[in-house]
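> PDB, C-alpha atoms, saved as input-v8.pdb, coming up:
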```pdb
ATOM      1  CA  GLN A   1       0.000   0.000   0.000  1.00  0.00           C
ATOM      2  CA  VAL A   2       1.407   3.367  -1.036  1.00  0.00           C
ATOM      3  CA  GLN A   3       1.821   5.899   1.725  1.00  0.00           C
ATOM      4  CA  LEU A   4       0.993   9.455   0.751  1.00  0.00           C
ATOM      5  CA  VAL A   5       1.099  12.037   3.527  1.00  0.00           C
ATOM      6  CA  GLU A   6      -0.509  15.418   2.959  1.00  0.00           C
ATOM      7  CA  SER A   7      -0.071  18.406   5.260  1.00  0.00           C
ATOM      8  CA  GLY A   8      -0.409  22.163   5.393  1.00  0.00           C
ATOM      9  CA  GLY A   9      -4.158  22.662   5.383  1.00  0.00           C
ATOM     10  CA  GLY A  10      -6.077  24.876   7.754  1.00  0.00           C
ATOM     11  CA  LEU A  11      -8.605  27.640   8.169  1.00  0.00           C
ATOM     12  CA  VAL A  12      -7.944  30.788   6.172  1.00  0.00           C
ATOM     13  CA  GLN A  13      -9.911  33.902   5.288  1.00  0.00           C
ATOM     14  CA  PRO A  14     -10.931  34.609   1.702  1.00  0.00           C
ATOM     15  CA  GLY A  15      -7.986  36.086  -0.156  1.00  0.00           C
ATOM     16  CA  GLY A  16      -5.494  34.272   2.035  1.00  0.00           C
ATOM     17  CA  SER A  17      -2.813  31.744   1.157  1.00  0.00           C
ATOM     18  CA  LEU A  18      -1.779  28.245   2.137  1.00  0.00           C
ATOM     19  CA  ARG A  19       0.985  25.912   1.035  1.00  0.00           C
ATOM     20  CA  LEU A  20       0.252  22.208   0.972  1.00  0.00           C
ATOM     21  CA  SER A  21       2.920  19.513   1.022  1.00  0.00           C
ATOM     22  CA  CYS A  22       2.789  15.839   0.152  1.00  0.00           C
ATOM     23  CA  ALA A  23       5.513  13.333   0.920  1.00  0.00           C
ATOM     24  CA  ALA A  24       5.542  10.269  -1.310  1.00  0.00           C
ATOM     25  CA  PRO A  25       7.685   7.146  -1.505  1.00  0.00           C
ATOM     26  CA  GLY A  26      10.812   7.612  -3.536  1.00  0.00           C
ATOM     27  CA  SER A  27      10.218   4.253  -5.212  1.00  0.00           C
ATOM     28  CA  PHE A  28       7.930   5.868  -7.773  1.00  0.00           C
ATOM     29  CA  PHE A  29       7.966   9.624  -7.139  1.00  0.00           C
ATOM     30  CA  ARG A  30      10.764  10.588  -9.484  1.00  0.00           C
ATOM     31  CA  SER A  31       9.393   8.566 -12.380  1.00  0.00           C
ATOM     32  CA  THR A  32       5.786   9.702 -12.396  1.00  0.00           C
ATOM     33  CA  ALA A  33       3.637  12.777 -12.721  1.00  0.00           C
ATOM     34  CA  MET A  34       2.082  13.898  -9.461  1.00  0.00           C
ATOM     35  CA  GLY A  35      -1.229  15.578  -8.878  1.00  0.00           C
ATOM     36  CA  TRP A  36      -3.245  17.403  -6.289  1.00  0.00           C
ATOM     37  CA  TYR A  37      -6.901  16.510  -6.012  1.00  0.00           C
ATOM     38  CA  ARG A  38      -9.699  17.839  -3.857  1.00  0.00           C
ATOM     39  CA  GLN A  39     -13.083  16.693  -2.669  1.00  0.00           C
ATOM     40  CA  ALA A  40     -15.666  19.128  -1.395  1.00  0.00           C
ATOM     41  CA  PRO A  41     -18.658  17.962   0.666  1.00  0.00           C
ATOM     42  CA  GLY A  42     -21.232  16.289  -1.534  1.00  0.00           C
ATOM     43  CA  LYS A  43     -19.004  16.436  -4.613  1.00  0.00           C
ATOM     44  CA  GLU A  44     -16.767  14.018  -6.428  1.00  0.00           C
ATOM     45  CA  ARG A  45     -13.021  14.183  -6.107  1.00  0.00           C
ATOM     46  CA  GLU A  46     -11.453  16.284  -8.861  1.00  0.00           C
ATOM     47  CA  LEU A  47      -7.958  16.852 -10.171  1.00  0.00           C
ATOM     48  CA  VAL A  48      -6.808  20.363  -9.330  1.00  0.00           C
ATOM     49  CA  ALA A  49      -3.253  20.414 -10.659  1.00  0.00           C
ATOM     50  CA  ARG A  50      -0.683  18.070 -12.163  1.00  0.00           C
ATOM     51  CA  ILE A  51       3.071  18.272 -12.645  1.00  0.00           C
ATOM     52  CA  THR A  52       5.010  15.895 -14.864  1.00  0.00           C
ATOM     53  CA  THR A  53       8.555  14.639 -14.421  1.00  0.00           C
ATOM     54  CA  SER A  54       9.676  17.394 -16.800  1.00  0.00           C
ATOM     55  CA  ASP A  55       7.816  20.022 -14.743  1.00  0.00           C
ATOM     56  CA  THR A  56       5.027  20.553 -17.253  1.00  0.00           C
ATOM     57  CA  THR A  57       1.982  21.690 -15.331  1.00  0.00           C
ATOM     58  CA  TYR A  58      -1.775  21.528 -15.734  1.00  0.00           C
ATOM     59  CA  TYR A  59      -4.436  23.357 -13.735  1.00  0.00           C
ATOM     60  CA  VAL A  60      -8.181  23.099 -13.670  1.00  0.00           C
ATOM     61  CA  ASP A  61      -9.691  26.355 -14.907  1.00  0.00           C
ATOM     62  CA  SER A  62     -11.072  27.350 -11.526  1.00  0.00           C
ATOM     63  CA  VAL A  63      -7.588  27.651  -9.963  1.00  0.00           C
ATOM     64  CA  LYS A  64      -5.521  28.974 -12.872  1.00  0.00           C
ATOM     65  CA  GLY A  65      -3.519  32.018 -11.896  1.00  0.00           C
ATOM     66  CA  ARG A  66      -4.046  31.353  -8.175  1.00  0.00           C
ATOM     67  CA  PHE A  67      -2.486  27.938  -7.487  1.00  0.00           C
ATOM     68  CA  THR A  68       1.020  26.744  -8.294  1.00  0.00           C
ATOM     69  CA  ILE A  69       2.155  23.133  -8.175  1.00  0.00           C
ATOM     70  CA  SER A  70       5.819  22.275  -7.787  1.00  0.00           C
ATOM     71  CA  ARG A  71       7.950  19.292  -6.890  1.00  0.00           C
ATOM     72  CA  ASP A  72      11.232  18.620  -5.124  1.00  0.00           C
ATOM     73  CA  ASN A  73      12.624  15.308  -6.329  1.00  0.00           C
ATOM     74  CA  ALA A  74      15.391  15.359  -3.715  1.00  0.00           C
ATOM     75  CA  LYS A  75      12.745  15.359  -0.989  1.00  0.00           C
ATOM     76  CA  ASN A  76      10.140  13.234  -2.800  1.00  0.00           C
ATOM     77  CA  THR A  77       7.670  16.000  -2.084  1.00  0.00           C
ATOM     78  CA  VAL A  78       5.088  17.807  -4.159  1.00  0.00           C
ATOM     79  CA  TYR A  79       3.711  21.197  -3.144  1.00  0.00           C
ATOM     80  CA  LEU A  80       0.625  23.250  -3.880  1.00  0.00           C
ATOM     81  CA  GLN A  81       0.887  26.966  -3.272  1.00  0.00           C
ATOM     82  CA  MET A  82      -2.622  28.372  -3.041  1.00  0.00           C
ATOM     83  CA  ASN A  83      -3.144  32.128  -3.205  1.00  0.00           C
ATOM     84  CA  SER A  84      -6.252  34.305  -3.378  1.00  0.00           C
ATOM     85  CA  LEU A  85      -8.260  31.539  -1.800  1.00  0.00           C
ATOM     86  CA  LYS A  86     -12.022  31.544  -2.206  1.00  0.00           C
ATOM     87  CA  PRO A  87     -14.770  29.856  -0.157  1.00  0.00           C
ATOM     88  CA  GLU A  88     -15.346  27.474  -3.072  1.00  0.00           C
ATOM     89  CA  ASP A  89     -11.814  26.153  -2.584  1.00  0.00           C
ATOM     90  CA  THR A  90     -12.941  24.587   0.675  1.00  0.00           C
ATOM     91  CA  ALA A  91     -12.317  20.844   0.432  1.00  0.00           C
ATOM     92  CA  VAL A  92     -10.110  18.013   1.560  1.00  0.00           C
ATOM     93  CA  TYR A  93      -6.979  18.045  -0.581  1.00  0.00           C
ATOM     94  CA  TYR A  94      -5.143  14.882  -1.567  1.00  0.00           C
ATOM     95  CA  CYS A  95      -2.077  14.048  -3.586  1.00  0.00           C
ATOM     96  CA  ASN A  96      -1.627  11.017  -5.801  1.00  0.00           C
ATOM     97  CA  ARG A  97      -0.158  10.118  -9.150  1.00  0.00           C
ATOM     98  CA  GLY A  98      -1.089  12.704 -11.738  1.00  0.00           C
ATOM     99  CA  TRP A  99      -2.243  10.028 -14.171  1.00  0.00           C
ATOM    100  CA  SER A 100      -3.996   6.838 -13.056  1.00  0.00           C
ATOM    101  CA  PRO A 101      -4.073   7.563  -9.335  1.00  0.00           C
ATOM    102  CA  PHE A 102      -3.510   4.712  -6.939  1.00  0.00           C
ATOM    103  CA  ASN A 103      -6.655   3.171  -5.492  1.00  0.00           C
ATOM    104  CA  SER A 104      -5.368   3.932  -2.012  1.00  0.00           C
ATOM    105  CA  TRP A 105      -5.406   7.557  -0.904  1.00  0.00           C
ATOM    106  CA  GLY A 106      -3.851   9.354   2.024  1.00  0.00           C
ATOM    107  CA  GLN A 107      -5.999  10.956   4.682  1.00  0.00           C
ATOM    108  CA  GLY A 108      -5.778  14.311   2.947  1.00  0.00           C
ATOM    109  CA  THR A 109      -5.553  17.754   4.467  1.00  0.00           C
ATOM    110  CA  GLN A 110      -8.576  19.947   5.133  1.00  0.00           C
ATOM    111  CA  VAL A 111      -8.648  23.432   3.639  1.00  0.00           C
ATOM    112  CA  THR A 112     -11.400  25.710   4.857  1.00  0.00           C
ATOM    113  CA  VAL A 113     -11.818  29.197   3.422  1.00  0.00           C
ATOM    114  CA  SER A 114     -14.181  31.252   5.503  1.00  0.00           C
ATOM    115  CA  SER A 115     -14.487  34.626   7.145  1.00  0.00           C
TER     116      SER A 115
END
```
Write out the structure in this file as C-alpha cells.

Amino acid sequence: QVQLVESGGGLVQPGGSLRLSCAAPGSFFRSTAMGWYRQAPGKERELVARITTSDTTYYVDSVKGRFTISRDNAKNTVYLQMNSLKPEDTAVYYCNRGWSPFNSWGQGTQVTVSS
C-alpha cells in the first residue's frame, strides 16, 4: 500500500494563502507525474493540478492564476501553493499520481476558506 502524507491545510480567510505539502515514496515519485486533487462535501473528487517529471503543469480552470504546483525530487515532495483563496476552494486536498491515481489515498488535508 502506497503511503501518501498530505499536510499544510487549515482555516484561512478569503484572499489568504496556504501551502500544501505531500511526501511520497521515492520508489515511484521521481518517475511519475504527481497531482493534487480535492473533494468538497457532496461532490466528487477532482484533479486540481498536475506536474510531470519534466515540470510541465496543468491546472483546472477554476484555480488557474491562483495555485502553483511544484515538486522537489530530492525530498520526494510535491507542493501546492494556493493564493487568493475563495470559499469554493474549501475541500479536503489529496495528492496522488497525476495520471492513473492509486486506489489507495492518504488521509488528505482539510482546507477551509471562511471569514
> Under the rule of at most 8 Å, produce a per-residue listing of region 85-113 of chain A near region 6-22 of chain A: chain, number, name, the closest pair of atoms, and the distance in Å, as a Markdown table, using all atoms listed in the file.

```
| residue | atom | partner | partner_atom | distance |
| --- | --- | --- | --- | --- |
| A:Leu85 | CA | A:Gly15 | CA | 4.8 |
| A:Lys86 | CA | A:Pro14 | CA | 5.1 |
| A:Pro87 | CA | A:Pro14 | CA | 6.4 |
| A:Tyr93 | CA | A:Glu6 | CA | 7.8 |
| A:Tyr94 | CA | A:Glu6 | CA | 6.5 |
| A:Cys95 | CA | A:Cys22 | CA | 6.4 |
| A:Gly106 | CA | A:Glu6 | CA | 7.0 |
| A:Gln107 | CA | A:Glu6 | CA | 7.3 |
| A:Gly108 | CA | A:Glu6 | CA | 5.4 |
| A:Thr109 | CA | A:Gly9 | CA | 5.2 |
| A:Gln110 | CA | A:Gly9 | CA | 5.2 |
| A:Val111 | CA | A:Gly9 | CA | 4.9 |
| A:Thr112 | CA | A:Leu11 | CA | 4.7 |
| A:Val113 | CA | A:Val12 | CA | 5.0 |
```
> Apply the PyMOL selection byres ((chain A and resi 24) around 8) to the structure shown and report the selected residues as an mmCIF file with C-alpha atoms, in the frame of the given file.

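Everything below was put into out32.cif:
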```cif
data_model
loop_
_atom_site.group_PDB
_atom_site.id
_atom_site.type_symbol
_atom_site.label_atom_id
_atom_site.label_comp_id
_atom_site.auth_asym_id
_atom_site.auth_seq_id
_atom_site.Cartn_x
_atom_site.Cartn_y
_atom_site.Cartn_z
ATOM 1 C CA GLN A 3 1.821 5.899 1.725
ATOM 2 C CA LEU A 4 0.993 9.455 0.751
ATOM 3 C CA VAL A 5 1.099 12.037 3.527
ATOM 4 C CA CYS A 22 2.789 15.839 0.152
ATOM 5 C CA ALA A 23 5.513 13.333 0.920
ATOM 6 C CA PRO A 25 7.685 7.146 -1.505
ATOM 7 C CA GLY A 26 10.812 7.612 -3.536
ATOM 8 C CA PHE A 29 7.966 9.624 -7.139
ATOM 9 C CA ASN A 76 10.140 13.234 -2.800
ATOM 10 C CA THR A 77 7.670 16.000 -2.084
#
```
> CA of Tyr37 (chain A) and CA of Asn96 (chain A) are how many Å apart?
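About the pair CA of Tyr37 (chain A) and CA of Asn96 (chain A): they are 7.6 Å apart.
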> Step by step, work through what the PyMOL selection byres ((chain A and resi 54) around 10) selects in the shown file, and finish by giving those residues as a PDB file with C-alpha atoms, keeping the file's coordinate frame.

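Just written: out33.pdb:
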```
ATOM      1  CA  SER A  31       9.393   8.566 -12.380  1.00  0.00           C
ATOM      2  CA  THR A  32       5.786   9.702 -12.396  1.00  0.00           C
ATOM      3  CA  ALA A  33       3.637  12.777 -12.721  1.00  0.00           C
ATOM      4  CA  ILE A  51       3.071  18.272 -12.645  1.00  0.00           C
ATOM      5  CA  THR A  52       5.010  15.895 -14.864  1.00  0.00           C
ATOM      6  CA  THR A  53       8.555  14.639 -14.421  1.00  0.00           C
ATOM      7  CA  ASP A  55       7.816  20.022 -14.743  1.00  0.00           C
ATOM      8  CA  THR A  56       5.027  20.553 -17.253  1.00  0.00           C
ATOM      9  CA  THR A  57       1.982  21.690 -15.331  1.00  0.00           C
TER      10      THR A  57
END
```
> Report, in Å to a single decimal, how far apart CA of Phe102 (chain A) and CA of Ser62 (chain A) are.
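Atom-to-atom, CA of Ser62 (chain A) to CA of Phe102 (chain A), that is 24.3 Å.
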> Just want the 12 Å neighbourhood of Asp61 (chain A), counted on all atoms listed in the file, with same-chain residues fewer than 6 positions away dropped. Output as a list of chain:residue names.
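My reading of the contact set: A:Glu46, A:Leu47, A:Val48, A:Ala49, A:Phe67.
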> Mind dumping the selected residues with C-alpha atoms as a PDB file, keeping the file's coordinate frame?

```
ATOM      1  CA  GLU A  46     -11.453  16.284  -8.861  1.00  0.00           C
ATOM      2  CA  LEU A  47      -7.958  16.852 -10.171  1.00  0.00           C
ATOM      3  CA  VAL A  48      -6.808  20.363  -9.330  1.00  0.00           C
ATOM      4  CA  ALA A  49      -3.253  20.414 -10.659  1.00  0.00           C
ATOM      5  CA  PHE A  67      -2.486  27.938  -7.487  1.00  0.00           C
TER       6      PHE A  67
END
```
> Is there a way to complete region 6-17 of chain A with all heavy atoms and then write that out as an mmCIF file, in the frame of the given file?

```
data_model
loop_
_atom_site.group_PDB
_atom_site.id
_atom_site.type_symbol
_atom_site.label_atom_id
_atom_site.label_comp_id
_atom_site.auth_asym_id
_atom_site.auth_seq_id
_atom_site.Cartn_x
_atom_site.Cartn_y
_atom_site.Cartn_z
ATOM 1 N N GLU A 6 -0.237 14.017 3.270
ATOM 2 C CA GLU A 6 -0.509 15.418 2.959
ATOM 3 C C GLU A 6 -0.498 16.250 4.237
ATOM 4 O O GLU A 6 -0.885 15.764 5.303
ATOM 5 C CB GLU A 6 -1.876 15.564 2.282
ATOM 6 C CG GLU A 6 -2.023 14.776 0.999
ATOM 7 C CD GLU A 6 -2.619 13.400 1.193
ATOM 8 O OE1 GLU A 6 -2.738 12.943 2.352
ATOM 9 O OE2 GLU A 6 -2.988 12.768 0.190
ATOM 10 N N SER A 7 -0.075 17.503 4.115
ATOM 11 C CA SER A 7 -0.071 18.406 5.260
ATOM 12 C C SER A 7 -0.164 19.844 4.773
ATOM 13 O O SER A 7 0.001 20.117 3.577
ATOM 14 C CB SER A 7 1.200 18.211 6.089
ATOM 15 O OG SER A 7 2.345 18.535 5.328
ATOM 16 N N GLY A 8 -0.424 20.750 5.706
ATOM 17 C CA GLY A 8 -0.409 22.163 5.393
ATOM 18 C C GLY A 8 -1.766 22.832 5.310
ATOM 19 O O GLY A 8 -1.849 24.046 5.122
ATOM 20 N N GLY A 9 -2.832 22.070 5.454
ATOM 21 C CA GLY A 9 -4.158 22.662 5.383
ATOM 22 C C GLY A 9 -4.485 23.473 6.623
ATOM 23 O O GLY A 9 -3.698 23.536 7.576
ATOM 24 N N GLY A 10 -5.652 24.096 6.608
ATOM 25 C CA GLY A 10 -6.077 24.876 7.754
ATOM 26 C C GLY A 10 -7.240 25.769 7.408
ATOM 27 O O GLY A 10 -7.841 25.661 6.342
ATOM 28 N N LEU A 11 -7.540 26.663 8.352
ATOM 29 C CA LEU A 11 -8.605 27.640 8.169
ATOM 30 C C LEU A 11 -7.987 28.965 7.745
ATOM 31 O O LEU A 11 -7.057 29.454 8.408
ATOM 32 C CB LEU A 11 -9.381 27.805 9.478
ATOM 33 C CG LEU A 11 -10.425 28.924 9.533
ATOM 34 C CD1 LEU A 11 -11.538 28.661 8.525
ATOM 35 C CD2 LEU A 11 -10.981 29.051 10.938
ATOM 36 N N VAL A 12 -8.484 29.536 6.677
ATOM 37 C CA VAL A 12 -7.944 30.788 6.172
ATOM 38 C C VAL A 12 -9.085 31.670 5.680
ATOM 39 O O VAL A 12 -10.118 31.161 5.228
ATOM 40 C CB VAL A 12 -6.905 30.516 5.051
ATOM 41 C CG1 VAL A 12 -7.564 29.846 3.851
ATOM 42 C CG2 VAL A 12 -6.166 31.768 4.655
ATOM 43 N N GLN A 13 -8.900 32.968 5.769
ATOM 44 C CA GLN A 13 -9.911 33.902 5.288
ATOM 45 C C GLN A 13 -9.857 34.015 3.768
ATOM 46 O O GLN A 13 -8.798 33.769 3.161
ATOM 47 C CB GLN A 13 -9.693 35.274 5.917
ATOM 48 C CG GLN A 13 -9.969 35.311 7.414
ATOM 49 C CD GLN A 13 -9.907 36.718 7.979
ATOM 50 O OE1 GLN A 13 -9.379 37.631 7.358
ATOM 51 N NE2 GLN A 13 -10.465 36.900 9.160
ATOM 52 N N PRO A 14 -10.957 34.383 3.156
ATOM 53 C CA PRO A 14 -10.931 34.609 1.702
ATOM 54 C C PRO A 14 -9.827 35.592 1.340
ATOM 55 O O PRO A 14 -9.624 36.605 2.027
ATOM 56 C CB PRO A 14 -12.320 35.188 1.423
ATOM 57 C CG PRO A 14 -13.180 34.608 2.498
ATOM 58 C CD PRO A 14 -12.310 34.542 3.719
ATOM 59 N N GLY A 15 -9.122 35.273 0.266
ATOM 60 C CA GLY A 15 -7.986 36.086 -0.156
ATOM 61 C C GLY A 15 -6.659 35.650 0.437
ATOM 62 O O GLY A 15 -5.600 36.141 0.027
ATOM 63 N N GLY A 16 -6.706 34.743 1.384
ATOM 64 C CA GLY A 16 -5.494 34.272 2.035
ATOM 65 C C GLY A 16 -4.753 33.219 1.237
ATOM 66 O O GLY A 16 -5.151 32.857 0.119
ATOM 67 N N SER A 17 -3.682 32.716 1.831
ATOM 68 C CA SER A 17 -2.813 31.744 1.157
ATOM 69 C C SER A 17 -2.509 30.568 2.074
ATOM 70 O O SER A 17 -2.496 30.702 3.298
ATOM 71 C CB SER A 17 -1.490 32.404 0.757
ATOM 72 O OG SER A 17 -1.690 33.443 -0.162
#
```
